[in-house]
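Trainee: final13.cif is reproduced in full below (mmCIF, C-alpha atoms and all ligand atoms).
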data_target
loop_
_atom_site.label_atom_id
_atom_site.label_comp_id
_atom_site.auth_asym_id
_atom_site.auth_seq_id
_atom_site.Cartn_x
_atom_site.Cartn_y
_atom_site.Cartn_z
CA MET A 1 -10.63 -17.33 -6.48
CA PHE A 2 -12.38 -14.20 -5.27
CA ASP A 3 -15.97 -13.35 -5.75
CA VAL A 4 -15.51 -9.61 -5.94
CA SER A 5 -19.17 -9.25 -6.80
CA GLY A 6 -19.94 -10.86 -3.44
CA GLY A 7 -21.86 -8.61 -1.06
CA VAL A 8 -19.28 -8.19 1.69
CA ILE A 9 -16.35 -7.48 -0.61
CA LEU A 10 -18.38 -5.14 -2.81
CA ALA A 11 -19.56 -3.21 0.24
CA ALA A 12 -15.91 -2.95 1.30
CA GLY A 13 -15.09 -1.49 -2.14
CA LYS A 14 -17.75 1.19 -1.78
CA ASP A 15 -16.62 1.97 1.74
CA MET A 16 -12.99 2.36 0.62
CA HIS A 17 -14.07 4.64 -2.21
CA GLY A 18 -16.04 6.68 0.34
CA LEU A 19 -12.92 7.12 2.48
CA ILE A 20 -10.95 8.24 -0.58
CA ALA A 21 -13.65 10.83 -1.34
CA GLU A 22 -13.45 12.11 2.24
CA LEU A 23 -9.66 12.46 2.14
CA TYR A 24 -9.43 13.74 -1.43
CA PRO A 25 -9.79 17.50 -0.76
CA LEU A 26 -7.02 17.69 1.85
CA CYS A 27 -3.72 19.25 0.84
CA ARG A 28 -1.30 16.58 2.02
CA SER A 29 2.45 16.80 1.73
CA ILE A 30 5.41 15.07 3.35
CA SER A 31 4.66 17.16 6.46
CA GLY A 32 2.06 19.60 7.72
CA GLU A 33 -1.58 19.89 8.70
CA GLY A 34 -3.04 18.17 5.62
CA LEU A 35 -1.15 14.99 6.47
CA ARG A 36 -2.07 15.32 10.16
CA GLU A 37 -5.76 15.85 9.35
CA THR A 38 -5.65 12.77 7.10
CA LEU A 39 -4.27 10.73 10.00
CA ARG A 40 -6.95 12.13 12.36
CA ILE A 41 -9.67 11.04 9.92
CA LEU A 42 -8.13 7.56 9.79
CA ARG A 43 -8.08 7.53 13.59
CA GLY A 44 -11.87 7.84 13.42
CA ARG A 45 -11.90 4.38 11.80
CA ILE A 46 -8.91 2.54 13.25
CA PRO A 47 -7.00 3.29 16.48
CA ILE A 48 -3.74 4.54 14.97
CA GLU A 49 -1.18 6.46 17.02
CA ILE A 50 -0.05 9.68 15.38
CA ARG A 51 3.72 10.04 15.78
CA GLU A 52 5.69 13.27 15.33
CA VAL A 53 9.40 13.38 14.45
CA PRO A 54 10.86 16.88 14.96
CA THR A 55 12.49 18.83 12.14
CA GLY A 56 16.24 18.36 12.21
CA THR A 57 16.14 14.81 13.56
CA LYS A 58 18.96 12.81 12.04
CA MET A 59 17.93 9.47 10.55
CA PHE A 60 20.76 7.58 8.88
CA ASP A 61 21.88 9.71 5.91
CA TRP A 62 18.77 11.89 6.11
CA THR A 63 17.39 14.73 8.21
CA VAL A 64 13.72 15.49 8.93
CA PRO A 65 12.93 18.56 6.80
CA ASP A 66 11.12 21.75 7.72
CA GLU A 67 7.35 21.47 8.01
CA TRP A 68 5.30 22.98 5.20
CA ASN A 69 1.82 24.42 5.61
CA ILE A 70 -0.38 26.36 3.24
CA ARG A 71 -3.55 28.36 3.81
CA ASP A 72 -4.19 29.91 0.40
CA ALA A 73 -2.66 30.67 -2.97
CA TYR A 74 -3.78 32.31 -6.17
CA VAL A 75 -2.77 34.22 -9.27
CA LYS A 76 -4.77 37.29 -10.30
CA ASP A 77 -4.69 38.51 -13.89
CA PRO A 78 -4.27 42.18 -14.88
CA ARG A 79 -8.05 42.64 -14.52
CA GLY A 80 -8.01 41.33 -10.95
CA ARG A 81 -9.64 37.97 -11.72
CA LYS A 82 -8.32 34.87 -9.93
CA VAL A 83 -7.13 32.76 -12.84
CA ILE A 84 -5.37 30.15 -10.69
CA ASP A 85 -6.94 29.34 -7.33
CA PHE A 86 -5.66 26.89 -4.69
CA GLN A 87 -9.18 26.82 -3.21
CA ARG A 88 -10.44 25.10 -6.37
CA SER A 89 -7.70 22.43 -6.36
CA ASN A 90 -4.65 22.02 -4.15
CA LEU A 91 -2.74 20.68 -7.19
CA HIS A 92 -2.50 24.29 -8.41
CA VAL A 93 0.35 25.01 -6.01
CA VAL A 94 3.75 23.38 -6.28
CA GLY A 95 4.21 21.48 -3.02
CA TYR A 96 6.69 23.02 -0.58
CA SER A 97 6.49 26.42 -2.33
CA VAL A 98 7.98 29.18 -0.20
CA PRO A 99 5.68 32.14 0.63
CA VAL A 100 5.23 34.66 -2.18
CA ARG A 101 3.36 37.94 -2.55
CA ARG A 102 4.42 39.76 -5.69
CA SER A 103 3.33 41.76 -8.64
CA ILE A 104 4.95 40.08 -11.63
CA PRO A 105 4.79 40.40 -15.44
CA LEU A 106 3.44 37.36 -17.31
CA GLY A 107 6.84 36.69 -18.93
CA GLU A 108 8.47 36.24 -15.54
CA LEU A 109 5.48 34.45 -14.03
CA ARG A 110 5.70 31.82 -16.76
CA GLU A 111 8.97 30.57 -15.28
CA HIS A 112 6.94 29.50 -12.26
CA LEU A 113 4.04 27.90 -14.18
CA PHE A 114 3.91 24.16 -14.98
CA THR A 115 1.59 22.47 -17.46
CA LEU A 116 1.23 19.27 -19.47
CA PRO A 117 1.20 20.28 -23.16
CA ASP A 118 0.39 16.67 -24.17
CA ARG A 119 -2.67 16.58 -21.89
CA PRO A 120 -3.89 20.15 -22.21
CA ASP A 121 -6.89 19.76 -19.87
CA TRP A 122 -5.04 18.17 -16.97
CA VAL A 123 -3.20 19.88 -14.13
CA PRO A 124 0.15 18.30 -13.18
CA TYR A 125 1.24 17.51 -9.62
CA ARG A 126 4.61 19.01 -8.74
CA THR A 127 6.69 19.45 -5.64
CA ALA A 128 9.85 21.47 -5.07
CA TYR A 129 11.84 20.43 -2.08
CA ALA A 130 14.80 22.55 -3.17
CA GLY A 131 15.22 25.67 -1.09
CA GLY A 132 13.46 28.84 -2.18
CA ALA A 133 11.39 27.46 -5.05
CA TRP A 134 7.75 28.32 -5.69
CA GLY A 135 5.29 27.75 -8.48
CA PHE A 136 1.83 27.03 -9.76
CA CYS A 137 0.43 24.16 -11.83
CA LEU A 138 -2.36 24.65 -14.32
CA SER A 139 -3.81 23.13 -17.43
CA HIS A 140 -2.04 23.97 -20.67
CA ASN A 141 -5.26 25.39 -22.07
CA GLN A 142 -5.47 27.72 -19.06
CA LEU A 143 -1.91 28.87 -19.72
CA LEU A 144 -2.64 29.58 -23.38
CA ALA A 145 -5.60 31.77 -22.38
CA LEU A 146 -3.51 34.08 -20.15
CA GLU A 147 -3.20 37.59 -21.59
CA ASP A 148 -0.11 39.77 -21.33
CA GLY A 149 0.23 42.17 -18.44
CA GLN A 150 1.03 42.46 -14.78
CA TYR A 151 -0.10 39.60 -12.54
CA GLU A 152 -0.36 39.17 -8.79
CA ALA A 153 1.06 35.93 -7.38
CA VAL A 154 0.25 35.01 -3.78
CA ILE A 155 1.29 31.90 -1.88
CA ASP A 156 0.32 32.08 1.78
CA SER A 157 2.51 29.24 3.03
CA THR A 158 4.91 28.67 5.90
CA LEU A 159 8.07 26.62 5.86
CA GLY A 160 9.91 26.19 9.14
CA PRO A 161 10.71 23.95 12.07
CA GLY A 162 7.90 21.58 12.98
CA SER A 163 7.69 17.85 12.60
CA LEU A 164 7.06 14.97 10.28
CA SER A 165 3.89 13.02 11.11
CA TYR A 166 3.00 9.43 10.52
CA GLY A 167 0.35 7.00 11.69
CA GLU A 168 1.05 3.61 13.24
CA LEU A 169 -1.16 0.77 14.42
CA LEU A 170 -0.07 -2.56 15.88
CA ILE A 171 -2.74 -5.28 15.96
CA LYS A 172 -1.45 -7.97 18.27
CA GLY A 173 -1.66 -11.63 17.35
CA LYS A 174 -0.44 -14.74 19.18
CA LEU A 175 3.13 -14.21 17.97
CA GLU A 176 5.42 -11.21 18.34
CA ASP A 177 6.46 -11.86 14.75
CA GLU A 178 4.96 -9.19 12.55
CA VAL A 179 3.48 -8.59 9.14
CA LEU A 180 4.13 -5.04 7.99
CA ILE A 181 1.59 -3.17 5.86
CA SER A 182 2.95 0.20 4.74
CA THR A 183 1.43 2.88 2.54
CA HIS A 184 2.33 6.46 1.65
CA ALA A 185 -0.08 9.24 2.56
CA CYS A 186 1.78 12.35 1.42
CA HIS A 187 0.18 13.37 -1.88
CA PRO A 188 -2.54 16.05 -2.16
CA SER A 189 -5.68 15.44 -4.26
CA LEU A 190 -4.51 12.27 -5.99
CA CYS A 191 -6.57 9.12 -5.62
CA ASN A 192 -4.77 6.11 -7.00
CA ASP A 193 -1.31 7.35 -6.03
CA ASN A 194 -1.63 7.52 -2.26
CA LEU A 195 -5.31 7.40 -1.26
CA SER A 196 -6.05 3.96 -2.71
CA GLY A 197 -3.27 2.44 -0.58
CA VAL A 198 -4.48 4.35 2.46
CA ALA A 199 -8.03 3.09 1.95
CA VAL A 200 -7.08 -0.57 1.39
CA ALA A 201 -4.71 -0.56 4.38
CA THR A 202 -7.41 0.97 6.58
CA LYS A 203 -9.93 -1.64 5.49
CA LEU A 204 -7.42 -4.43 6.12
CA ALA A 205 -6.80 -3.12 9.63
CA GLN A 206 -10.55 -3.00 10.30
CA GLU A 207 -10.93 -6.55 9.03
CA LEU A 208 -7.96 -7.95 10.99
CA MET A 209 -8.99 -6.28 14.24
CA GLY A 210 -12.01 -8.57 14.28
CA ARG A 211 -10.08 -11.81 13.74
CA PRO A 212 -8.03 -14.15 15.93
CA LEU A 213 -4.51 -13.81 14.51
CA ARG A 214 -1.29 -15.77 14.60
CA TYR A 215 0.93 -12.88 13.49
CA SER A 216 0.90 -9.35 14.81
CA TYR A 217 0.17 -6.74 12.13
CA ARG A 218 1.91 -3.37 11.99
CA PHE A 219 0.31 -0.70 9.80
CA LEU A 220 2.24 2.41 8.80
CA PHE A 221 0.64 5.43 7.11
CA ILE A 222 3.67 7.51 6.23
CA PRO A 223 5.05 10.26 4.07
CA ALA A 224 6.94 8.42 1.34
CA THR A 225 10.68 7.83 1.84
CA PHE A 226 10.97 10.12 4.90
CA GLY A 227 8.38 8.13 6.85
CA SER A 228 9.88 4.70 6.28
CA ILE A 229 13.38 5.99 6.98
CA ALA A 230 12.15 7.68 10.18
CA TRP A 231 10.43 4.48 11.33
CA LEU A 232 13.40 2.23 10.51
CA ALA A 233 15.84 4.63 12.20
CA SER A 234 13.84 4.64 15.43
CA HIS A 235 13.00 0.89 15.49
CA GLN A 236 16.29 -0.72 14.51
CA GLY A 237 16.15 -3.07 17.49
CA GLN A 238 12.81 -4.58 16.57
CA VAL A 239 13.01 -4.71 12.79
CA GLY A 240 13.86 -8.42 13.02
CA ARG A 241 10.30 -9.15 14.10
CA ILE A 242 9.04 -8.30 10.61
CA LYS A 243 8.65 -11.66 8.90
CA HIS A 244 6.56 -10.49 5.95
CA GLY A 245 5.56 -7.15 4.53
CA LEU A 246 3.64 -5.38 1.81
CA VAL A 247 3.82 -1.84 0.53
CA LEU A 248 0.47 -0.85 -0.97
CA ALA A 249 0.50 1.80 -3.72
CA CYS A 250 -1.74 2.51 -6.71
CA VAL A 251 -4.22 -0.25 -5.85
CA GLY A 252 -7.46 1.38 -7.06
CA ASP A 253 -7.27 1.67 -10.87
CA SER A 254 -8.95 -0.81 -13.16
CA GLY A 255 -5.70 -2.32 -14.46
CA GLU A 256 -4.63 -5.81 -13.42
CA ILE A 257 -2.59 -6.49 -10.31
CA THR A 258 1.18 -6.04 -10.42
CA TYR A 259 3.26 -7.52 -7.61
CA LYS A 260 6.88 -6.52 -7.25
CA ARG A 261 8.90 -9.09 -5.35
CA SER A 262 11.00 -8.27 -2.33
CA ARG A 263 14.72 -7.83 -2.92
CA ARG A 264 15.18 -11.41 -1.66
CA GLY A 265 12.92 -12.60 -4.47
CA ASP A 266 11.91 -15.88 -2.85
CA ALA A 267 10.55 -14.72 0.50
CA GLU A 268 7.38 -16.36 1.77
CA ILE A 269 5.40 -13.20 0.94
CA ASP A 270 6.69 -13.45 -2.66
CA ARG A 271 5.67 -17.09 -2.95
CA ALA A 272 2.31 -16.52 -1.25
CA MET A 273 1.49 -13.66 -3.62
CA GLN A 274 2.58 -15.74 -6.60
CA HIS A 275 0.35 -18.59 -5.45
CA VAL A 276 -2.66 -16.29 -5.03
CA LEU A 277 -2.21 -14.54 -8.38
CA ARG A 278 -1.65 -17.75 -10.33
CA ARG A 279 -4.65 -19.39 -8.73
CA SER A 280 -7.02 -16.46 -8.95
CA GLY A 281 -7.55 -16.83 -12.67
CA ASP A 282 -8.08 -13.11 -13.08
CA GLY A 283 -4.70 -12.03 -14.33
CA GLY A 284 -1.96 -10.29 -12.46
CA ARG A 285 1.74 -10.17 -13.11
CA ILE A 286 4.82 -10.49 -10.99
CA ILE A 287 7.94 -8.46 -11.53
CA ASP A 288 11.35 -8.70 -9.93
CA TYR A 289 12.68 -6.21 -7.45
CA VAL A 290 14.15 -2.98 -8.72
CA PRO A 291 15.59 -0.37 -6.35
CA TYR A 292 13.09 2.25 -7.48
CA GLY A 293 9.47 2.72 -6.47
CA TYR A 294 7.94 3.27 -3.03
CA ASP A 295 9.02 2.54 0.53
CA GLU A 296 10.08 -1.03 -0.26
CA ARG A 297 13.33 0.67 -1.32
CA GLN A 298 14.03 1.47 2.33
CA TYR A 299 12.67 -1.77 3.86
CA CYS A 300 14.69 -3.81 1.33
CA SER A 301 17.88 -1.73 1.59
CA PRO A 302 20.80 -4.12 2.16
CA GLY A 303 21.25 -3.25 5.84
CA PHE A 304 17.65 -4.30 6.54
CA ASP A 305 16.83 -6.67 3.67
CA LEU A 306 13.28 -7.19 4.92
CA PRO A 307 10.92 -9.54 3.05
CA VAL A 308 8.69 -6.71 1.83
CA GLY A 309 7.09 -6.66 -1.62
CA CYS A 310 4.97 -4.00 -3.29
CA LEU A 311 1.39 -4.52 -4.43
CA SER A 312 0.01 -2.24 -7.14
CA ARG A 313 -2.41 -2.51 -10.00
CA THR A 314 -0.97 -0.42 -12.87
CA PRO A 315 2.48 0.58 -11.53
CA HIS A 316 3.36 4.22 -10.87
CA GLY A 317 4.33 6.15 -13.95
CA ARG A 318 2.70 3.59 -16.27
CA PHE A 319 -0.73 5.25 -16.44
CA PRO A 320 -1.06 8.67 -18.06
CA GLU A 321 -3.17 9.95 -15.14
CA TYR A 322 -0.19 9.43 -12.79
CA HIS A 323 0.72 12.64 -10.92
CA THR A 324 -2.03 14.66 -12.64
CA SER A 325 -5.49 15.97 -11.82
CA ALA A 326 -6.91 13.02 -13.79
CA ASP A 327 -5.91 10.68 -10.94
CA ASN A 328 -9.26 11.58 -9.43
CA LEU A 329 -12.32 9.98 -7.86
CA GLU A 330 -13.48 8.56 -11.20
CA PHE A 331 -10.11 6.98 -11.90
CA VAL A 332 -10.30 4.71 -8.84
CA LYS A 333 -13.03 2.05 -8.90
CA PRO A 334 -14.79 0.39 -5.95
CA GLY A 335 -14.47 -3.00 -7.71
CA ALA A 336 -10.71 -2.59 -8.19
CA LEU A 337 -10.25 -1.51 -4.56
CA ALA A 338 -12.30 -4.53 -3.49
CA HIS A 339 -10.17 -6.85 -5.62
CA SER A 340 -6.93 -5.45 -4.18
CA PHE A 341 -8.38 -5.86 -0.68
CA ALA A 342 -9.43 -9.46 -1.41
CA THR A 343 -5.97 -10.23 -2.82
CA CYS A 344 -4.34 -8.98 0.37
CA LEU A 345 -6.73 -11.05 2.48
CA ALA A 346 -5.98 -14.17 0.44
CA VAL A 347 -2.25 -13.65 0.97
CA ILE A 348 -2.75 -13.01 4.68
CA ASP A 349 -4.79 -16.20 4.86
CA ILE A 350 -1.78 -18.12 3.54
CA LEU A 351 0.67 -16.40 5.91
CA GLU A 352 -1.61 -17.10 8.87
CA ASN A 353 -1.95 -20.81 8.03
CA ASP A 354 1.37 -21.68 6.45
CA THR A 355 2.70 -24.01 9.13
CA ARG A 356 4.79 -27.18 9.04
CA TYR A 357 3.56 -30.60 10.12
CA ARG A 358 5.07 -33.96 10.93
CA ASN A 359 3.48 -37.15 9.61
CA LEU A 360 2.94 -39.34 12.69
CA ASN A 361 2.53 -42.50 10.58
CA PRO A 362 5.47 -42.27 8.19
CA LEU A 363 6.16 -46.02 7.89
CA CYS A 364 4.21 -46.79 4.71
CA GLU A 365 0.83 -45.16 4.02
CA PRO A 366 -1.73 -45.06 6.81
CA GLN A 367 -5.11 -46.60 6.00
CA LEU A 368 -7.25 -43.56 5.42
CA GLY A 369 -10.47 -45.48 4.70
CA ARG A 370 -10.33 -47.43 7.97
CA ARG A 371 -9.98 -44.17 9.86
CA GLY A 372 -13.01 -42.60 8.12
CA ILE A 373 -10.82 -39.89 6.58
CA TYR A 374 -12.20 -40.23 3.04
CA ARG A 375 -15.71 -39.88 4.49
CA SER A 376 -14.69 -36.71 6.39
CA TRP A 377 -13.08 -35.39 3.23
CA ALA A 378 -16.21 -36.03 1.16
CA ASP A 379 -18.38 -34.37 3.83
CA GLN A 380 -16.17 -31.30 4.15
CA THR A 381 -15.33 -30.74 0.50
CA ASP A 382 -17.25 -30.65 -2.70
CA GLY A 383 -18.14 -34.35 -2.90
CA GLY A 384 -14.59 -35.57 -2.23
CA LYS A 385 -12.69 -34.37 -5.27
CA ASP A 386 -9.08 -33.30 -4.78
CA GLU A 387 -8.54 -36.10 -2.26
CA MET A 388 -4.99 -36.35 -3.61
CA ALA A 389 -4.36 -33.41 -1.28
CA LEU A 390 -4.46 -35.86 1.66
CA LEU A 391 -1.71 -37.97 0.10
CA TRP A 392 0.44 -34.96 -0.77
CA VAL A 393 0.30 -33.60 2.77
CA LEU A 394 1.19 -37.00 4.25
CA SER A 395 3.94 -37.52 1.72
CA LEU A 396 5.68 -34.17 2.19
CA SER A 397 5.14 -33.58 5.92
CA GLU A 398 8.51 -34.55 7.31
CA GLY A 399 8.64 -31.31 9.20
CA ARG A 400 10.63 -29.35 6.65
CA LYS A 401 8.07 -28.33 4.05
CA SER A 402 5.35 -25.82 4.86
CA LEU A 403 1.80 -26.10 3.54
CA LEU A 404 2.54 -23.43 0.94
CA GLU A 405 5.51 -25.42 -0.31
CA ILE A 406 3.31 -28.52 -0.46
CA ALA A 407 0.69 -26.55 -2.41
CA GLU A 408 3.36 -25.42 -4.86
CA ARG A 409 4.89 -28.89 -5.21
CA SER A 410 1.51 -30.56 -5.73
CA GLY A 411 0.07 -27.84 -7.95
CA MET A 412 -3.01 -27.72 -5.72
CA PRO A 413 -4.63 -24.66 -4.14
CA PHE A 414 -3.41 -23.69 -0.68
CA ASP A 415 -6.89 -23.82 0.85
CA ILE A 416 -7.35 -27.46 -0.25
CA ILE A 417 -3.94 -28.43 1.14
CA LYS A 418 -4.83 -26.64 4.38
CA LYS A 419 -8.14 -28.50 4.56
CA ALA A 420 -6.34 -31.82 4.09
CA ALA A 421 -3.90 -30.96 6.88
CA ASP A 422 -6.79 -30.04 9.19
CA ILE A 423 -8.56 -33.35 8.62
CA LEU A 424 -5.38 -35.40 9.00
CA ARG A 425 -4.57 -33.58 12.23
CA GLU A 426 -8.07 -34.18 13.58
CA HIS A 427 -7.54 -37.89 12.94
CA GLY A 428 -4.20 -37.97 14.75
CA LEU A 429 -2.00 -38.43 11.69
CA LEU A 430 -0.20 -35.05 11.82
CA GLU A 431 1.25 -32.83 14.46
CA GLU A 432 2.07 -29.19 14.00
CA ILE A 433 5.69 -28.22 14.46
CA SER A 434 5.90 -25.03 16.50
CA ALA A 435 7.74 -22.21 14.80
ZN ZN B 501 3.52 9.75 -6.33
#
As structure tokens - that is how I would like this structure written.
Mentor:
Amino acid sequence: MFDVSGGVILAAGKDMHGLIAELYPLCRSISGEGLRETLRILRGRIPIEIREVPTGTKMFDWTVPDEWNIRDAYVKDPRGRKVIDFQRSNLHVVGYSVPVRRSIPLGELREHLFTLPDRPDWVPYRTAYAGGAWGFCLSHNQLLALEDGQYEAVIDSTLGPGSLSYGELLIKGKLEDEVLISTHACHPSLCNDNLSGVAVATKLAQELMGRPLRYSYRFLFIPATFGSIAWLASHQGQVGRIKHGLVLACVGDSGEITYKRSRRGDAEIDRAMQHVLRRSGDGGRIIDYVPYGYDERQYCSPGFDLPVGCLSRTPHGRFPEYHTSADNLEFVKPGALAHSFATCLAVIDILENDTRYRNLNPLCEPQLGRRGIYRSWADQTDGGKDEMALLWVLSLSEGRKSLLEIAERSGMPFDIIKKAADILREHGLLEEISA
């Protein structure tokens, strides 16, 4: 269905990879300057508002935590050499580490060091939201090379009242009804897990800003869990406007697409994604909702029950690079980003055009030939094949079935069914039923 090798889409893939490379060095977390700087960089591309929710704000069963910031961190060995250095990679510090400045013997230091013995060259990504914790991450080979003696451990961080930041953009369409696109932006130098979603969402916003739209589109760039809870808690009155939604996460690796249905399981977004993936001919699998994953857990919680699914390629935790230094700029591919982007656009195309029609000539079949409809069809399609689409649309347009349902019932692609509806409408045989 998609020509990912096509010029425009391929250029989009390179552009998204470029944005990931720009954001990669920043030390993001669920709060703090790294997250804010990320949002400022996005604001250079799309006009997001940066919102701040103060520490201590109650949001349902949760409270906005203290803000964490870090300037520097390192470990010096007994000879004074920096053997672990935050300036080389922000993954070396356990996120939310409290400030530390100590002389410490290796035996004790080890309790604060985290490695991946199975992947001895990779550095793990760790966070410690529990009070008072601190630590460093390093490769297992690095750990094995440490000699006995007295070390110096320094973490120049602050943890105190501040705020939780997130980015929000509303692109207005004809309707107040909204499509929600949400992605987490709270991980440090990790590309597939966080930056790929950020890049695809940004590109989608750029693309949609230039189009006439039926729906309004709300983009959220948020710290995972806390951000979606903060948004839901402060927008309870308008949540009902969200008619469809997608969480984007891990959309840049070269694995095939995985779509996780909304909790409802048969929402229009679920059926639209299923239609796109089945028709695309380039793989993709659909899995049922489970209450574990990304922010769809909050959007789909029973009190909200929003029709929000989650689009990934290889799901979180299913690729060995997940939450390690190997989730880097080489792990995410421009072609995969482009394919994820094109998949989202194909789904949006269905949502934008999935309307219901009424057949204005329901008493026996209208004469399509006399009206010149077959000629129009042949002119506007590839020599007139798939003209059964005209009959399917007429047959099922009693005002109850949408074009997507007609596409599913007929086994024909949505864009062909849409084309048939357009031609029939132009010839006065259909009228659109307003939502
Ligand atoms: Zn993660």
Trainee: What residues of the protein or nucleic acid chains come within 10 Å of ligand ZN 501 (chain B) when you use all atoms listed in the file? Reply as a PDB file with C-alpha atoms, in the frame of the given file.
Mentor:
ATOM      1  CA  TYR A 125       1.240  17.510  -9.620  1.00  0.00           C
ATOM      2  CA  ARG A 126       4.610  19.010  -8.740  1.00  0.00           C
ATOM      3  CA  HIS A 184       2.330   6.460   1.650  1.00  0.00           C
ATOM      4  CA  ALA A 185      -0.080   9.240   2.560  1.00  0.00           C
ATOM      5  CA  CYS A 186       1.780  12.350   1.420  1.00  0.00           C
ATOM      6  CA  HIS A 187       0.180  13.370  -1.880  1.00  0.00           C
ATOM      7  CA  PRO A 188      -2.540  16.050  -2.160  1.00  0.00           C
ATOM      8  CA  LEU A 190      -4.510  12.270  -5.990  1.00  0.00           C
ATOM      9  CA  ASN A 192      -4.770   6.110  -7.000  1.00  0.00           C
ATOM     10  CA  ASP A 193      -1.310   7.350  -6.030  1.00  0.00           C
ATOM     11  CA  ASN A 194      -1.630   7.520  -2.260  1.00  0.00           C
ATOM     12  CA  ALA A 224       6.940   8.420   1.340  1.00  0.00           C
ATOM     13  CA  ALA A 249       0.500   1.800  -3.720  1.00  0.00           C
ATOM     14  CA  CYS A 250      -1.740   2.510  -6.710  1.00  0.00           C
ATOM     15  CA  GLY A 293       9.470   2.720  -6.470  1.00  0.00           C
ATOM     16  CA  TYR A 294       7.940   3.270  -3.030  1.00  0.00           C
ATOM     17  CA  HIS A 316       3.360   4.220 -10.870  1.00  0.00           C
ATOM     18  CA  GLY A 317       4.330   6.150 -13.950  1.00  0.00           C
ATOM     19  CA  TYR A 322      -0.190   9.430 -12.790  1.00  0.00           C
ATOM     20  CA  HIS A 323       0.720  12.640 -10.920  1.00  0.00           C
ATOM     21  CA  THR A 324      -2.030  14.660 -12.640  1.00  0.00           C
TER      22      THR A 324
END
Trainee: Please provide as number ranges by chain all residues within 6 Å of stretch 346-350 of chain A, with the sequence filter that same-chain residues fewer than 3 positions apart are discarded (counting only C-alpha atoms).
Mentor: A: 272-273, 343, 353-354
Trainee: I need the residue nearest A:Phe221 from this list: A:Cys137, A:Leu351, A:Ala201, A:Leu396. Use only C-alpha atoms for the distance.
Mentor: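 The answer is A:Ala201, which sits nearest to A:Phe221.
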Trainee: Between A:Cys191, A:Val247, A:Val276, A:Leu35, which is the closest to A:Ile70 once you count all atoms listed in the file?
Mentor: A:Leu35
Trainee: Quick one: residues within 7 Å of A:Leu360, only C-alpha atoms counted, chain neighbours fewer than 2 positions away excluded, as a list in words?
Mentor: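 These residues fall inside the cut-off: Arg358, Pro362, Leu429, Leu430 and Glu431 of chain A.
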Trainee: Distance table requested - stretch 207-227 of chain A against stretch 160-174 of chain A, cut-off 6 Å, all atoms listed in the file: one row per qualifying residue with the closest atom pair and its distance in Å to one decimal, ordered by chain and rising residue number, as a Markdown table.
Mentor:
| residue | atom | partner | partner_atom | distance |
| --- | --- | --- | --- | --- |
| A:Leu213 | CA | A:Gly173 | CA | 4.6 |
| A:Arg214 | CA | A:Lys174 | CA | 4.8 |
| A:Tyr215 | CA | A:Gly173 | CA | 4.8 |
| A:Ser216 | CA | A:Gly173 | CA | 4.3 |
| A:Tyr217 | CA | A:Ile171 | CA | 5.0 |
| A:Arg218 | CA | A:Leu170 | CA | 4.4 |
| A:Phe219 | CA | A:Leu169 | CA | 5.1 |
| A:Leu220 | CA | A:Glu168 | CA | 4.8 |
| A:Phe221 | CA | A:Gly167 | CA | 4.9 |
| A:Ile222 | CA | A:Tyr166 | CA | 4.7 |
Trainee: Out of A:Ser97, A:Gln298, A:Ser139, A:Asn69, which residue has the shortest atom-to-atom distance to A:Phe114 when counting only C-alpha atoms?
Mentor: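 Nearest candidate to A:Phe114 out of A:Ser97, A:Gln298, A:Ser139, A:Asn69: A:Ser139.
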